[in-house]
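Just model.cif here, mmCIF, C-alpha atoms:
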```cif
data_query
loop_
_atom_site.label_atom_id
_atom_site.label_comp_id
_atom_site.auth_asym_id
_atom_site.auth_seq_id
_atom_site.Cartn_x
_atom_site.Cartn_y
_atom_site.Cartn_z
CA MET A 9 12.68 -20.71 9.22
CA ILE A 10 9.97 -19.68 11.67
CA LYS A 11 10.12 -19.67 15.48
CA SER A 12 7.17 -21.84 16.44
CA ASN A 13 6.79 -20.46 19.98
CA ILE A 14 6.58 -16.87 18.67
CA PHE A 15 4.27 -17.93 15.82
CA LEU A 16 1.95 -19.67 18.33
CA LYS A 17 2.02 -16.61 20.60
CA GLY A 18 0.72 -14.56 17.66
CA LEU A 19 -1.76 -17.25 16.70
CA PHE A 20 -3.26 -17.45 20.20
CA SER A 21 -3.50 -13.66 20.60
CA ILE A 22 -6.89 -14.24 18.97
CA LYS A 23 -8.15 -15.58 22.32
CA ARG A 24 -7.64 -12.30 24.18
CA LEU A 25 -10.38 -9.87 25.26
CA ASP A 26 -9.38 -7.34 22.60
CA SER A 27 -9.57 -10.07 19.97
CA PRO A 28 -11.28 -9.26 16.67
CA ALA A 29 -12.33 -12.93 16.26
CA ILE A 30 -16.04 -12.27 16.82
CA ALA A 31 -16.18 -9.09 14.73
CA LEU A 32 -14.18 -10.65 11.91
CA GLY A 33 -16.15 -13.89 12.10
CA ALA A 34 -19.50 -12.06 12.00
CA SER A 35 -18.47 -10.10 8.91
CA PHE A 36 -17.27 -13.17 7.04
CA VAL A 37 -20.44 -15.08 8.00
CA ALA A 38 -22.33 -12.25 6.26
CA ILE A 39 -19.96 -12.48 3.26
CA GLY A 40 -20.49 -16.26 3.04
CA ALA A 41 -24.26 -15.76 3.01
CA LEU A 42 -23.97 -12.97 0.42
CA LEU A 43 -21.75 -15.05 -1.89
CA LYS A 44 -24.27 -17.89 -1.77
CA ASN A 45 -27.07 -15.47 -2.61
CA VAL A 46 -25.26 -14.15 -5.71
CA GLY A 47 -24.69 -17.69 -7.00
CA PHE A 48 -21.23 -18.79 -5.77
CA THR A 49 -20.66 -22.47 -4.97
CA ILE A 50 -19.14 -23.27 -1.58
CA GLN A 51 -15.76 -23.99 -3.22
CA GLU A 52 -15.82 -20.61 -4.99
CA SER A 53 -16.71 -18.87 -1.71
CA ILE A 54 -13.82 -20.53 0.15
CA PHE A 55 -11.48 -19.76 -2.76
CA SER A 56 -12.45 -16.07 -2.67
CA SER A 57 -11.92 -15.63 1.10
CA PHE A 58 -8.67 -17.63 0.88
CA LEU A 59 -7.23 -15.32 -1.77
CA ILE A 60 -8.86 -11.95 -1.12
CA TYR A 61 -9.29 -11.75 2.68
CA ALA A 62 -10.46 -8.11 2.69
CA LEU A 63 -14.11 -7.36 3.35
CA PRO A 64 -14.80 -4.36 1.10
CA GLY A 65 -13.11 -6.16 -1.80
CA SER A 66 -15.32 -9.22 -1.30
CA LEU A 67 -18.41 -6.98 -1.21
CA VAL A 68 -17.39 -5.35 -4.51
CA LEU A 69 -16.76 -8.81 -5.99
CA ALA A 70 -20.25 -10.01 -4.99
CA GLU A 71 -21.92 -6.86 -6.37
CA SER A 72 -19.88 -7.09 -9.58
CA ILE A 73 -20.89 -10.70 -10.19
CA PHE A 74 -24.51 -9.74 -9.49
CA ILE A 75 -24.57 -6.91 -12.05
CA GLY A 76 -22.17 -8.63 -14.51
CA ALA A 77 -19.38 -6.00 -14.38
CA SER A 78 -16.31 -6.34 -16.66
CA LEU A 79 -12.98 -7.58 -15.24
CA ILE A 80 -11.31 -4.18 -15.68
CA ASN A 81 -14.16 -2.49 -13.81
CA ILE A 82 -13.86 -5.04 -11.01
CA PHE A 83 -10.10 -4.42 -10.81
CA LEU A 84 -10.49 -0.63 -10.58
CA ALA A 85 -13.37 -0.73 -8.07
CA VAL A 86 -11.57 -3.22 -5.81
CA TRP A 87 -8.26 -1.36 -6.06
CA LEU A 88 -10.03 1.84 -5.00
CA VAL A 89 -11.85 0.36 -1.98
CA ASN A 90 -8.82 -1.61 -0.83
CA ALA A 91 -6.24 1.16 -1.35
CA ARG A 92 -6.41 1.73 2.42
CA LEU A 93 -4.28 -1.43 2.73
CA TYR A 94 -1.30 0.55 1.35
CA PRO A 95 -0.88 2.93 4.33
CA LEU A 96 -1.75 0.06 6.71
CA THR A 97 1.10 -2.02 5.24
CA VAL A 98 3.60 0.87 5.26
CA SER A 99 2.78 1.61 8.92
CA LEU A 100 3.30 -2.05 9.87
CA MET A 101 6.09 -3.60 7.79
CA PRO A 102 8.93 -1.30 8.97
CA LEU A 103 8.17 -2.58 12.50
CA VAL A 104 8.85 -6.21 11.49
CA MET A 105 11.59 -5.80 8.85
CA THR A 106 15.13 -6.96 9.66
CA LYS A 107 17.88 -8.46 7.51
CA LYS A 108 17.44 -11.75 9.38
CA HIS A 109 14.45 -12.94 7.39
CA PRO A 110 14.36 -13.91 3.69
CA ARG A 111 12.41 -11.65 1.33
CA TRP A 112 9.79 -14.26 0.46
CA LYS A 113 8.54 -14.19 4.06
CA TYR A 114 7.67 -10.52 3.69
CA VAL A 115 6.10 -11.08 0.25
CA LEU A 116 3.84 -13.81 1.66
CA SER A 117 3.11 -12.20 5.02
CA CYS A 118 1.87 -8.94 3.49
CA HIS A 119 -1.18 -10.97 2.34
CA PHE A 120 -2.26 -10.95 5.99
CA VAL A 121 -2.52 -7.14 6.15
CA ALA A 122 -6.12 -6.33 7.06
CA VAL A 123 -7.57 -4.01 9.67
CA SER A 124 -8.25 -6.58 12.43
CA PRO A 125 -4.79 -8.24 12.64
CA TRP A 126 -3.19 -4.83 12.06
CA LEU A 127 -4.92 -3.43 15.17
CA ILE A 128 -3.71 -6.38 17.31
CA MET A 129 -0.16 -6.10 15.97
CA LYS A 130 0.00 -2.34 16.57
CA SER A 131 -1.10 -2.85 20.19
CA ASN A 132 1.37 -5.66 20.93
CA TYR A 133 4.52 -5.31 18.80
CA LYS A 134 6.53 -3.48 21.49
CA LYS A 135 6.42 -6.57 23.71
CA ILE A 136 8.22 -8.63 21.04
CA ASN A 137 11.92 -8.43 20.03
CA LYS A 138 12.26 -6.83 16.62
CA GLU A 139 13.85 -9.96 15.10
CA ASP A 140 10.85 -12.06 16.24
CA ARG A 141 8.10 -9.67 15.20
CA LEU A 142 7.69 -11.09 11.69
CA ASP A 143 6.94 -14.57 13.06
CA PHE A 144 4.55 -13.03 15.61
CA TRP A 145 2.83 -11.13 12.78
CA ILE A 146 2.55 -14.31 10.67
CA GLY A 147 0.89 -16.00 13.69
CA ILE A 148 -1.66 -13.18 14.15
CA GLY A 149 -2.30 -13.02 10.41
CA THR A 150 -2.77 -16.79 10.08
CA ALA A 151 -5.30 -16.86 12.95
CA ASN A 152 -7.38 -14.01 11.48
CA TRP A 153 -7.17 -15.42 7.96
CA LEU A 154 -8.35 -18.87 9.09
CA ILE A 155 -11.25 -17.29 11.00
CA GLY A 156 -12.23 -15.43 7.82
CA ILE A 157 -12.21 -18.61 5.73
CA PHE A 158 -13.98 -20.71 8.39
CA ALA A 159 -16.66 -18.04 8.95
CA THR A 160 -17.26 -17.84 5.19
CA ILE A 161 -18.09 -21.56 5.24
CA ILE A 162 -20.45 -21.11 8.23
CA GLY A 163 -22.14 -18.14 6.51
CA TYR A 164 -22.54 -20.06 3.27
CA LEU A 165 -24.06 -23.08 5.02
CA SER A 166 -26.37 -21.00 7.24
CA ALA A 167 -27.47 -18.52 4.53
CA ASP A 168 -30.99 -19.97 4.37
CA TYR A 169 -31.48 -19.53 8.13
CA LEU A 170 -30.22 -15.93 8.37
CA ASN A 171 -33.05 -13.43 8.03
CA LYS A 172 -32.61 -9.79 7.02
CA ASP A 173 -32.54 -8.48 10.63
CA MET A 174 -29.79 -10.94 11.58
CA LEU A 175 -27.68 -9.92 8.55
CA ILE A 176 -28.12 -6.27 9.57
CA GLY A 177 -26.97 -7.18 13.10
CA LEU A 178 -23.89 -8.96 11.67
CA ALA A 179 -23.09 -5.98 9.43
CA ILE A 180 -22.75 -3.52 12.34
CA VAL A 181 -20.30 -5.68 14.33
CA ASN A 182 -17.14 -4.89 12.39
CA PRO A 183 -17.52 -1.07 12.26
CA ILE A 184 -18.39 -1.10 15.98
CA TYR A 185 -15.25 -3.17 16.66
CA PHE A 186 -13.14 -0.69 14.67
CA THR A 187 -14.75 2.28 16.49
CA CYS A 188 -14.09 0.88 19.98
CA ALA A 189 -10.61 -0.41 19.07
CA MET A 190 -9.65 3.02 17.72
CA ILE A 191 -10.95 4.75 20.85
CA GLY A 192 -8.71 2.32 22.75
CA VAL A 193 -5.55 3.35 20.86
CA MET A 194 -6.08 7.14 21.16
CA GLU A 195 -3.05 7.68 23.40
CA SER A 196 -0.80 10.12 21.52
CA LYS A 197 -1.94 13.52 20.26
CA SER A 198 -1.22 12.84 16.59
CA ILE A 199 -3.05 9.47 16.54
CA SER A 200 -6.07 10.95 18.38
CA VAL A 201 -6.28 13.86 15.93
CA ALA A 202 -5.85 11.48 12.97
CA ILE A 203 -8.74 9.30 14.15
CA ILE A 204 -11.15 12.11 15.09
CA LEU A 205 -10.45 14.18 11.97
CA GLY A 206 -10.60 11.10 9.72
CA ALA A 207 -14.02 10.22 11.12
CA LEU A 208 -15.24 13.81 10.57
CA LEU A 209 -13.71 14.57 7.16
CA SER A 210 -14.81 11.39 5.39
CA PRO A 211 -18.57 12.24 5.62
CA VAL A 212 -17.75 15.84 4.57
CA PHE A 213 -15.89 14.64 1.46
CA TYR A 214 -18.78 12.26 0.78
CA PHE A 215 -20.87 15.23 -0.35
CA ILE A 216 -18.18 16.15 -2.90
CA THR A 217 -17.08 12.71 -4.10
CA PRO A 218 -18.66 9.58 -2.56
CA GLU A 219 -16.17 7.22 -4.27
CA TRP A 220 -13.04 9.02 -3.08
CA CYS A 221 -14.24 10.32 0.31
CA ILE A 222 -12.35 7.71 2.37
CA LEU A 223 -9.03 8.30 0.63
CA PHE A 224 -9.33 12.10 0.47
CA GLY A 225 -10.65 12.33 4.06
CA GLY A 226 -7.96 9.94 5.27
CA ILE A 227 -5.07 11.72 3.50
CA ALA A 228 -6.21 15.18 4.64
CA ALA A 229 -6.83 14.11 8.25
CA GLY A 230 -3.61 12.06 8.52
CA SER A 231 -1.48 14.86 7.09
CA ILE A 232 -2.96 17.48 9.43
CA ALA A 233 -2.50 15.14 12.42
CA PHE A 234 1.12 14.47 11.41
CA LEU A 235 1.91 18.20 11.10
CA LEU A 236 0.28 18.97 14.46
CA GLY A 237 2.18 16.09 16.08
CA GLU A 238 5.53 17.25 14.64
CA LYS A 239 4.85 20.84 15.72
CA SER A 240 4.16 19.82 19.31
CA VAL A 241 7.35 17.67 19.39
CA ASN A 242 9.44 20.61 18.13
CA MET B 18 -15.76 -23.63 -10.62
CA SER B 19 -17.17 -21.32 -13.30
CA THR B 20 -14.58 -19.47 -15.41
CA GLU B 21 -16.39 -16.15 -14.89
CA ILE B 22 -16.22 -16.39 -11.08
CA PHE B 23 -12.67 -17.81 -11.13
CA LEU B 24 -11.41 -14.86 -13.19
CA ALA B 25 -13.36 -12.34 -11.09
CA VAL B 26 -11.81 -13.73 -7.88
CA ILE B 27 -8.29 -13.67 -9.40
CA VAL B 28 -8.78 -10.04 -10.53
CA THR B 29 -10.13 -9.07 -7.07
CA TRP B 30 -7.15 -10.80 -5.44
CA ALA B 31 -4.68 -8.99 -7.75
CA ALA B 32 -6.25 -5.58 -7.06
CA THR B 33 -6.19 -6.23 -3.30
CA TYR B 34 -2.72 -7.77 -3.11
CA LEU B 35 -1.30 -4.90 -5.22
CA SER B 36 -1.80 -2.39 -2.35
CA ARG B 37 -0.31 -4.87 0.14
CA LEU B 38 2.73 -5.64 -2.06
CA LEU B 39 3.39 -1.98 -2.91
CA GLY B 40 3.15 -1.19 0.81
CA MET B 41 5.70 -3.92 1.56
CA LEU B 42 8.08 -2.68 -1.16
CA THR B 43 7.77 0.93 0.07
CA SER B 44 8.49 -0.25 3.63
CA THR B 45 11.95 -1.56 2.67
CA LYS B 46 13.09 2.06 2.36
CA ILE B 47 11.41 3.37 5.53
CA ASP B 48 12.85 3.40 9.04
CA GLU B 49 10.37 3.08 11.90
CA ASN B 50 11.84 6.16 13.61
CA SER B 51 11.64 8.41 10.53
CA LYS B 52 9.27 11.28 9.86
CA ILE B 53 7.78 9.57 6.80
CA TYR B 54 6.94 6.54 8.94
CA ARG B 55 5.11 8.78 11.42
CA TRP B 56 3.20 10.36 8.52
CA PHE B 57 2.14 6.94 7.17
CA ASN B 58 1.16 5.90 10.70
CA CYS B 59 -1.18 8.92 10.93
CA LEU B 60 -2.50 8.16 7.43
CA ALA B 61 -3.25 4.55 8.39
CA TYR B 62 -5.28 5.52 11.47
CA SER B 63 -7.06 8.41 9.72
CA THR B 64 -7.97 6.26 6.71
CA LEU B 65 -9.30 3.57 9.01
CA ALA B 66 -11.39 6.16 10.89
CA ALA B 67 -12.59 7.58 7.55
CA LEU B 68 -13.62 4.09 6.39
CA THR B 69 -15.44 3.35 9.66
CA SER B 70 -17.40 6.61 9.75
CA ARG B 71 -18.31 6.23 6.05
CA VAL B 72 -19.66 2.73 6.74
CA LEU B 73 -21.65 3.88 9.79
CA ILE B 74 -22.96 7.19 8.40
CA PHE B 75 -23.39 6.41 4.68
CA PRO B 76 -23.53 2.60 4.64
CA ASN B 77 -23.65 0.20 1.71
CA GLY B 78 -25.36 -3.17 1.79
CA ASP B 79 -27.50 -4.43 4.67
CA LEU B 80 -26.96 -1.41 6.97
CA MET B 81 -28.74 0.79 4.40
CA ASP B 82 -32.01 -0.64 5.76
CA THR B 83 -31.46 0.93 9.19
CA ASN B 84 -32.07 4.60 9.98
CA TYR B 85 -29.53 7.15 11.25
CA LEU B 86 -31.06 7.40 14.72
CA THR B 87 -30.94 3.62 15.26
CA ARG B 88 -27.30 3.44 14.18
CA ILE B 89 -26.33 6.39 16.42
CA ILE B 90 -28.08 4.79 19.43
CA VAL B 91 -26.29 1.47 18.79
CA ILE B 92 -22.89 3.20 18.42
CA LEU B 93 -23.38 5.14 21.69
CA ILE B 94 -24.50 2.03 23.57
CA ALA B 95 -21.54 0.03 22.22
CA ILE B 96 -19.05 2.74 23.28
CA SER B 97 -20.69 2.89 26.75
CA ILE B 98 -20.45 -0.90 27.11
CA TYR B 99 -16.81 -0.73 26.01
CA PHE B 100 -15.94 1.67 28.83
CA LEU B 101 -18.23 0.04 31.44
CA SER B 102 -16.69 -3.39 30.72
CA LYS B 103 -13.15 -2.00 31.20
CA ARG B 104 -12.43 -1.88 27.47
CA ASN B 105 -13.73 -5.32 26.59
CA LEU B 106 -14.25 -5.41 22.83
CA VAL B 107 -16.13 -8.71 22.83
CA TYR B 108 -19.09 -7.44 24.92
CA SER B 109 -19.45 -4.18 22.97
CA THR B 110 -19.44 -5.89 19.58
CA VAL B 111 -21.75 -8.79 20.52
CA PHE B 112 -24.30 -6.51 22.22
CA SER B 113 -24.27 -4.03 19.32
CA ALA B 114 -25.35 -6.83 16.96
CA ILE B 115 -28.09 -8.03 19.31
CA ILE B 116 -29.40 -4.51 20.02
CA LEU B 117 -29.50 -3.56 16.32
CA THR B 118 -31.23 -6.83 15.37
CA VAL B 119 -33.85 -6.32 18.10
CA ILE B 120 -34.49 -2.62 17.33
CA ASN B 121 -34.71 -3.29 13.61
CA SER B 122 -37.11 -6.21 13.97
CA GLN B 123 -39.48 -3.95 16.00
CA THR B 124 -39.65 -1.22 13.34
#
```
Written form, C-alpha cells:
Amino acid sequence: MIKSNIFLKGLFSIKRLDSPAIALGASFVAIGALLKNVGFTIQESIFSSFLIYALPGSLVLAESIFIGASLINIFLAVWLVNARLYPLTVSLMPLVMTKKHPRWKYVLSCHFVAVSPWLIMKSNYKKINKEDRLDFWIGIGTANWLIGIFATIIGYLSADYLNKDMLIGLAIVNPIYFTCAMIGVMESKSISVAIILGALLSPVFYFITPEWCILFGGIAAGSIAFLLGEKSVN
Amino acid sequence: MSTEIFLAVIVTWAATYLSRLLGMLTSTKIDENSKIYRWFNCLAYSTLAALTSRVLIFPNGDLMDTNYLTRIIVILIAISIYFLSKRNLVYSTVFSAIILTVINSQT
C-alpha cells in the first residue's frame, strides 16, 4: 500500500539544512498563541491545525471568530486567501501521478499541499522514481503536518510567556524562509521571471485591490514568465 | 468543543481543502511535460512570490507593528546570511527572527 522506506525518506527530509521545520514550527507556534488569545481551547486549536494546515486560513479563522463573522463570510475569505493552493497542487500532482496508486491516496495526500512541503518536494522529486514519488510526498507532507500540529500545541501552552516582540520575531520567519527558498530555486529563466515579477506585481496590484492583489499579481506574473520561457525555447 | 468554533473550523477546512481537491482533479488531465503544466508551474512560483512580498511589504497581524525600514534591513541581512552560509535556510530564518525581535524591542 505504501513503501515504508520511501515514506521514511520523505519523512526524514525534514532534518536537512533546507528544511522548513523551524520556519513552519515558528509560524504554528504563533498560530497556537493567537488561537488561545481569541478563546480557543487546546483541543479546538489542535483540531483546527489538524484539519486546516494552511497558515493564512488559520489567521482568517482566528480573526473571524474574534469579530463574530458569519460562516459564509468565513468560507469566502478563507477560499480567497487559500486559492494559491490550487496552482501549487496542479504544479505538484502531475509529478506524482501514476496508474499504480489507488485514487484515495491522491485524495488524501492533497491535504498535505502547503508551501513548505511543496518547496521540498519540488527540489527533490527528480531523485525519486516516478512510481515512488507519491509515497515520498506523503512522507514529506506527514512530517510537515505533524510539525504544524505539534507547534500549535507548544504555541498554545506558551502563549502567556510570549511577548509582543517575540511574536513579531516569529511572524517574520516564514516569509523569510519563502524568500530565501525561492532565491534558491531561481535556476531557469521562466521560474526566475515568475518569482521576481510576482514579488513586484503583487504590491502594485495592492493599490488597486488589496484583497485580490496576490491572485492578480500571481496570474499576471506567471503568465508573462510562461510566455517568455516558451519564446526562448522556440 | 463549542459548536460555533467547531462549525467555523469545518467551514475553514472545506474552503481550504476545496482548492487542494480541485487542483488534484485538474492534475489527472495534465501531463508533466505539457505546456499547461509549465504554465501552472510558473503560476505556482509567481503566486508564492506575490504572497511573500505582500506579507513583507503590506503585512497583516503582528508584523504591522514593525516599520518598512526595519523589515527591509531584516530581509537584506537574512538574504546575506543565506548566501554567506552556503544556502543554509536554518541560519537565515533563525537569525531573522532574533534580529527583528531585538530591533523592535529597542524602538
Selection result for the PyMOL selection byres ((chain A) within 6 of (chain B)) on this file, as a PyMOL selection string: chain A and resi 25-26+56+59-60+83+86-87+90-91+93-99+101-102+118+173-174+176-178+181+183+185+199+202-203+206-207+210+222+226-227+229-230+234
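Put simply, atom CA of Ile161 of chain A is 8.6 Å away from atom CA of Phe36 of chain A.
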Could you check which of A:Leu16, A:Ala77, A:Ala38, A:Val46 is closest to Leu175 of chain A, using only C-alpha atoms? A:Ala38
Find the distance between atom CA of Ala41 of chain A and atom CA of Ile75 of chain A and write it in Å to one decimal. 17.5 Å
Report as a PyMOL selection string the residues that result from applying the PyMOL selection byres ((chain A and resi 191-193) around 9) to the structure here. (chain A and resi 127+131+186-190+194-196+199-200+203) or (chain B and resi 96+104)
Per-axis box centre and lengths in Å around segment 67-72 of chain A, 5 Å margin per side, axis-aligned, as JSON:
```
{"center_x": -19.3, "center_y": -7.7, "center_z": -5.4, "size_x": 15.2, "size_y": 14.7, "size_z": 18.4}
```
Gap from atom CA of Met105 of chain A to atom CA of Leu236 of chain A - Å, one decimal: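 Atom CA of Leu236 of chain A lies at a distance of 27.8 Å from atom CA of Met105 of chain A.
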Close residues, segment 145-150 of chain A itself excluded, 7 Å, only C-alpha atoms, min 4 positions apart in chain, as a tab-separated table (two decimals) with C-alpha atoms, keeping the file's coordinate frame:
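Output below, filename part.tsv:
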```tsv
chain	number	residue	atom	x	y	z
A	15	PHE	CA	4.27	-17.93	15.82
A	16	LEU	CA	1.95	-19.67	18.33
A	18	GLY	CA	0.72	-14.56	17.66
A	19	LEU	CA	-1.76	-17.25	16.70
A	21	SER	CA	-3.50	-13.66	20.60
A	117	SER	CA	3.11	-12.20	5.02
A	120	PHE	CA	-2.26	-10.95	5.99
A	125	PRO	CA	-4.79	-8.24	12.64
A	129	MET	CA	-0.16	-6.10	15.97
A	141	ARG	CA	8.10	-9.67	15.20
A	154	LEU	CA	-8.35	-18.87	9.09
```
